[in-house]
Number of protein chains: 2
Amino acid sequence: MAEPTHKPLRPQRLTAKGAATRERIVRAAAELMHTQGVERTSLDDVIAVSGTGRSQLYHYFADKAAIVDAVVEFQIEQVLGAQEELLRNADSMNGLTRWRDAVVAHNRSLKGAHGCPLGSLASALSDSSEITRQAIARGFDRWEGALRTGLQHMRQTGALAQEADPATLATGLLAALQGGYLLAQARRDATSIQVALDTALDHIRSFTR
Amino acid sequence: MAEPTHKPLRPQRLTAKGAATRERIVRAAAELMHTQGVERTSLDDVIAVSGTGRSQLYHYFADKAAIVDAVVEFQIEQVLGAQEELLRNADSMNGLTRWRDAVVAHNRSLKGAHGCPLGSLASALSDSSEITRQAIARGFDRWEGALRTGLQHMRQTGALAQEADPATLATGLLAALQGGYLLAQARRDATSIQVALDTALDHIRSFTR
């Protein structure tokens with residue numbers, strides 16, 4: 001099977017200095033694409049903001065599609081890294097509430113703007129490239145898995161009733177989070193994400209005893 | 001205050017034939033932007049798909065921003081028109097379940113693809129233009145209002161307990177729907193939207209008596 005033409009060079013083939021340059025490009029592209037959109041972000045923007053030269057950028061990335069793929073990979077690691085850390089102790093209602101507090105506080109600091117870095121990429125890219133869509137879907141699977149793990153633990157310890165289904169509750173919670181991000185972005189107001197998460201947590205609470 | 005430069009000509013100033021041409025352009029643009037994204041849709045695409053000439057298009061729209069605004073207006077009417085019709089009888093658990101069935105069946109017919117026409121516009125455009133963001137936010141307000149009206153009716157008739165808050169439940173339900181659309185789009189599988197809606201409806205059901 002042919003390799004996709006826009007497959008990025010793997011970081012491990014690079015020298016330490018090369019890897020640092022590549023990462024500077026990806027970070028700048030990720031920030032630009034999150035705040036102004038994937039399509040509105042040009043290679044010229046990335047060159048200007050990352051402070052790299054054009055030939056340097058083309059040394060690491062064949063084209064914009066290669067940068068987009070690297071940004072998807074980068075945001076999955078950023079978002080999931082932070083979320084898995086926050087969700088490490090989300091195996092009780094108190095733990096889930098602390099996670100909710102952190103998400104809402106961060107969204108409030110942005111006045112609801114920009115949405116979820118991964119959710120925005122999902123909306124912009126899911127219909128454009130099958131490889132990219134699958135990478136994003138795996139990111140959501142991993143996120144849902146982190147939520148499910150805590151809920152499974154709660155069910156095993158008897159904190160959640162046996163009739164509670166951790167898989168269903170995790171999908172519902174991730175959907176509430178993503179929908180909350182989107183409504184907050186459109187309304188420029190974090191209230192929607194707070195209400196969405198509280199509603200989903202109230203539902204989980206109804207299975208506690 | 002200065003008029004925004006990209007304000008579209010109002011349809012009411014047009015002849016019947018002019019209004020039909022304008023609508024053909026907007027419909028084509030809306031379909032393209034929904035399936036391939038706002039930014040990836042060029043004026044050339046719109047001209048080709050709508051079968052209008054370039055000078056004809058510029059007679060109705062000053063630039064792409066004007067078409068985007070018209071598409072937002074068009075999708076709000078399309079989506080809300082259909083949703084308000086579906087939600088007309090959503091003032092009981094049976095009515096809400098029929099609404100859920102219709103949304104899930106439609107999403108399943110697309111194998112989860114493309115997301116919500118209004119949600120996708122919200123993600124792509126909320127950070128780009130304040131006027132456009134406000135229009136989209138009003139669309140979501142109207143949608144949430146249609147959900148809230150049914151829930152208020154259920155509370156008034158005693159179908160929902162007095163402690164149920166229709167406003168909160170409506171926000172939670174709309175967030176579940178939007179998050180479900182997004183997860184279904186990324187996964188190319190309507191199961192996420194079904195689980196998200198069922199979780200939100202289960203929560204509402206816990207207030208019935």
# chains A, B, ... in the order shown; residues from 1 in each chain; ligands from 1

$ residues_around --residues "range 48-53 of chain B" --least-positions-apart "5" --cutoff "8 Å" --atoms "only C-alpha atoms" --output "count of residues only"
6

$ interface_residues --of "chain A" --to "chain B" --cutoff "9 Å" --atoms "only C-alpha atoms" --output "NGL selection string"
:A and (35-40 or 113-115 or 119-120 or 122-128 or 133-134 or 136-138 or 140 or 168-169 or 171-183 or 185-188 or 192-193 or 195-200 or 202-204 or 206)

$ closest_residue --among "A:Ala20, A:Leu151, A:Ala190, A:Ala62" --to "His106 in chain A" --atoms "only C-alpha atoms"
A:Ala190

$ closest_residue --among "B:Asp189, B:Val68, B:Asp91, B:Glu23" --to "Val104 in chain B" --atoms "only C-alpha atoms"
B:Asp189

$ decode --residues "range 98-199 of chain B" --atoms "C-alpha atoms" --output "PDB file, in the first residue's frame"
ATOM      1  CA  ARG B  98     -40.141  10.738  18.520  1.00  0.00           C
ATOM      2  CA  TRP B  99     -37.940  13.826  18.007  1.00  0.00           C
ATOM      3  CA  ARG B 100     -34.887  11.792  19.085  1.00  0.00           C
ATOM      4  CA  ASP B 101     -35.875   8.996  16.673  1.00  0.00           C
ATOM      5  CA  ALA B 102     -36.109  11.429  13.755  1.00  0.00           C
ATOM      6  CA  VAL B 103     -32.731  13.066  14.503  1.00  0.00           C
ATOM      7  CA  VAL B 104     -30.965   9.713  14.937  1.00  0.00           C
ATOM      8  CA  ALA B 105     -32.557   8.203  11.802  1.00  0.00           C
ATOM      9  CA  HIS B 106     -31.431  11.179   9.702  1.00  0.00           C
ATOM     10  CA  ASN B 107     -27.908  11.069  11.138  1.00  0.00           C
ATOM     11  CA  ARG B 108     -27.778   7.303  10.556  1.00  0.00           C
ATOM     12  CA  SER B 109     -28.789   7.790   6.894  1.00  0.00           C
ATOM     13  CA  LEU B 110     -25.613   9.897   6.538  1.00  0.00           C
ATOM     14  CA  LYS B 111     -23.494   7.395   8.531  1.00  0.00           C
ATOM     15  CA  GLY B 112     -22.890  10.188  11.039  1.00  0.00           C
ATOM     16  CA  ALA B 113     -21.176  12.435   8.489  1.00  0.00           C
ATOM     17  CA  HIS B 114     -21.115  16.247   8.166  1.00  0.00           C
ATOM     18  CA  GLY B 115     -22.332  17.116  11.677  1.00  0.00           C
ATOM     19  CA  CYS B 116     -25.080  19.646  12.362  1.00  0.00           C
ATOM     20  CA  PRO B 117     -25.386  22.313   9.619  1.00  0.00           C
ATOM     21  CA  LEU B 118     -25.640  25.032  12.280  1.00  0.00           C
ATOM     22  CA  GLY B 119     -23.075  23.489  14.653  1.00  0.00           C
ATOM     23  CA  SER B 120     -20.465  23.266  11.884  1.00  0.00           C
ATOM     24  CA  LEU B 121     -20.999  26.937  11.032  1.00  0.00           C
ATOM     25  CA  ALA B 122     -20.712  27.784  14.742  1.00  0.00           C
ATOM     26  CA  SER B 123     -17.361  26.024  14.998  1.00  0.00           C
ATOM     27  CA  ALA B 124     -15.995  27.546  11.785  1.00  0.00           C
ATOM     28  CA  LEU B 125     -17.266  31.110  12.154  1.00  0.00           C
ATOM     29  CA  SER B 126     -17.804  32.029  15.830  1.00  0.00           C
ATOM     30  CA  ASP B 127     -14.277  33.382  16.194  1.00  0.00           C
ATOM     31  CA  SER B 128     -14.132  35.179  12.833  1.00  0.00           C
ATOM     32  CA  SER B 129     -16.958  37.732  12.742  1.00  0.00           C
ATOM     33  CA  GLU B 130     -18.870  39.157  15.678  1.00  0.00           C
ATOM     34  CA  ILE B 131     -22.017  39.785  13.597  1.00  0.00           C
ATOM     35  CA  THR B 132     -21.992  36.213  12.317  1.00  0.00           C
ATOM     36  CA  ARG B 133     -21.331  34.814  15.798  1.00  0.00           C
ATOM     37  CA  GLN B 134     -24.325  36.708  17.192  1.00  0.00           C
ATOM     38  CA  ALA B 135     -26.582  35.408  14.420  1.00  0.00           C
ATOM     39  CA  ILE B 136     -25.502  31.824  15.164  1.00  0.00           C
ATOM     40  CA  ALA B 137     -25.961  32.357  18.912  1.00  0.00           C
ATOM     41  CA  ARG B 138     -29.515  33.597  18.254  1.00  0.00           C
ATOM     42  CA  GLY B 139     -30.122  30.427  16.239  1.00  0.00           C
ATOM     43  CA  PHE B 140     -29.030  28.274  19.189  1.00  0.00           C
ATOM     44  CA  ASP B 141     -31.171  30.399  21.552  1.00  0.00           C
ATOM     45  CA  ARG B 142     -34.199  29.778  19.352  1.00  0.00           C
ATOM     46  CA  TRP B 143     -33.460  26.021  19.260  1.00  0.00           C
ATOM     47  CA  GLU B 144     -33.036  25.864  23.027  1.00  0.00           C
ATOM     48  CA  GLY B 145     -36.282  27.830  23.351  1.00  0.00           C
ATOM     49  CA  ALA B 146     -38.183  25.224  21.332  1.00  0.00           C
ATOM     50  CA  LEU B 147     -36.845  22.471  23.607  1.00  0.00           C
ATOM     51  CA  ARG B 148     -37.595  24.523  26.735  1.00  0.00           C
ATOM     52  CA  THR B 149     -41.199  25.198  25.697  1.00  0.00           C
ATOM     53  CA  GLY B 150     -42.007  21.477  25.641  1.00  0.00           C
ATOM     54  CA  LEU B 151     -40.273  20.895  28.982  1.00  0.00           C
ATOM     55  CA  GLN B 152     -42.106  23.855  30.553  1.00  0.00           C
ATOM     56  CA  HIS B 153     -45.383  22.406  29.359  1.00  0.00           C
ATOM     57  CA  MET B 154     -44.479  19.036  30.928  1.00  0.00           C
ATOM     58  CA  ARG B 155     -43.709  20.767  34.220  1.00  0.00           C
ATOM     59  CA  GLN B 156     -46.946  22.775  34.149  1.00  0.00           C
ATOM     60  CA  THR B 157     -49.056  19.685  33.568  1.00  0.00           C
ATOM     61  CA  GLY B 158     -47.221  17.827  36.331  1.00  0.00           C
ATOM     62  CA  ALA B 159     -45.574  15.344  33.945  1.00  0.00           C
ATOM     63  CA  LEU B 160     -42.239  16.709  35.215  1.00  0.00           C
ATOM     64  CA  ALA B 161     -41.568  17.263  38.923  1.00  0.00           C
ATOM     65  CA  GLN B 162     -41.548  20.857  40.199  1.00  0.00           C
ATOM     66  CA  GLU B 163     -37.823  20.615  41.012  1.00  0.00           C
ATOM     67  CA  ALA B 164     -37.015  20.055  37.310  1.00  0.00           C
ATOM     68  CA  ASP B 165     -35.627  23.216  35.693  1.00  0.00           C
ATOM     69  CA  PRO B 166     -36.763  23.369  32.025  1.00  0.00           C
ATOM     70  CA  ALA B 167     -34.085  25.964  31.133  1.00  0.00           C
ATOM     71  CA  THR B 168     -31.226  23.830  32.472  1.00  0.00           C
ATOM     72  CA  LEU B 169     -32.630  20.648  30.966  1.00  0.00           C
ATOM     73  CA  ALA B 170     -33.013  22.364  27.565  1.00  0.00           C
ATOM     74  CA  THR B 171     -29.375  23.567  27.574  1.00  0.00           C
ATOM     75  CA  GLY B 172     -28.241  20.070  28.550  1.00  0.00           C
ATOM     76  CA  LEU B 173     -30.336  18.509  25.801  1.00  0.00           C
ATOM     77  CA  LEU B 174     -29.060  20.903  23.100  1.00  0.00           C
ATOM     78  CA  ALA B 175     -25.454  20.366  24.245  1.00  0.00           C
ATOM     79  CA  ALA B 176     -25.963  16.575  24.142  1.00  0.00           C
ATOM     80  CA  LEU B 177     -27.344  16.917  20.617  1.00  0.00           C
ATOM     81  CA  GLN B 178     -24.469  19.123  19.397  1.00  0.00           C
ATOM     82  CA  GLY B 179     -21.794  17.012  21.077  1.00  0.00           C
ATOM     83  CA  GLY B 180     -23.447  13.894  19.696  1.00  0.00           C
ATOM     84  CA  TYR B 181     -23.385  15.348  16.167  1.00  0.00           C
ATOM     85  CA  LEU B 182     -19.664  16.116  16.520  1.00  0.00           C
ATOM     86  CA  LEU B 183     -18.680  12.678  17.880  1.00  0.00           C
ATOM     87  CA  ALA B 184     -20.813  10.977  15.210  1.00  0.00           C
ATOM     88  CA  GLN B 185     -19.094  13.060  12.514  1.00  0.00           C
ATOM     89  CA  ALA B 186     -15.593  12.167  13.750  1.00  0.00           C
ATOM     90  CA  ARG B 187     -16.512   8.501  14.157  1.00  0.00           C
ATOM     91  CA  ARG B 188     -18.653   8.267  11.015  1.00  0.00           C
ATOM     92  CA  ASP B 189     -21.160   6.435  13.162  1.00  0.00           C
ATOM     93  CA  ALA B 190     -24.538   7.643  14.422  1.00  0.00           C
ATOM     94  CA  THR B 191     -24.217   5.600  17.637  1.00  0.00           C
ATOM     95  CA  SER B 192     -22.662   8.566  19.494  1.00  0.00           C
ATOM     96  CA  ILE B 193     -25.593  10.884  18.781  1.00  0.00           C
ATOM     97  CA  GLN B 194     -28.039   8.159  19.790  1.00  0.00           C
ATOM     98  CA  VAL B 195     -26.246   7.480  23.095  1.00  0.00           C
ATOM     99  CA  ALA B 196     -25.841  11.214  23.816  1.00  0.00           C
ATOM    100  CA  LEU B 197     -29.560  11.910  23.263  1.00  0.00           C
ATOM    101  CA  ASP B 198     -30.662   8.811  25.175  1.00  0.00           C
ATOM    102  CA  THR B 199     -28.499   9.833  28.140  1.00  0.00           C
TER     103      THR B 199
END
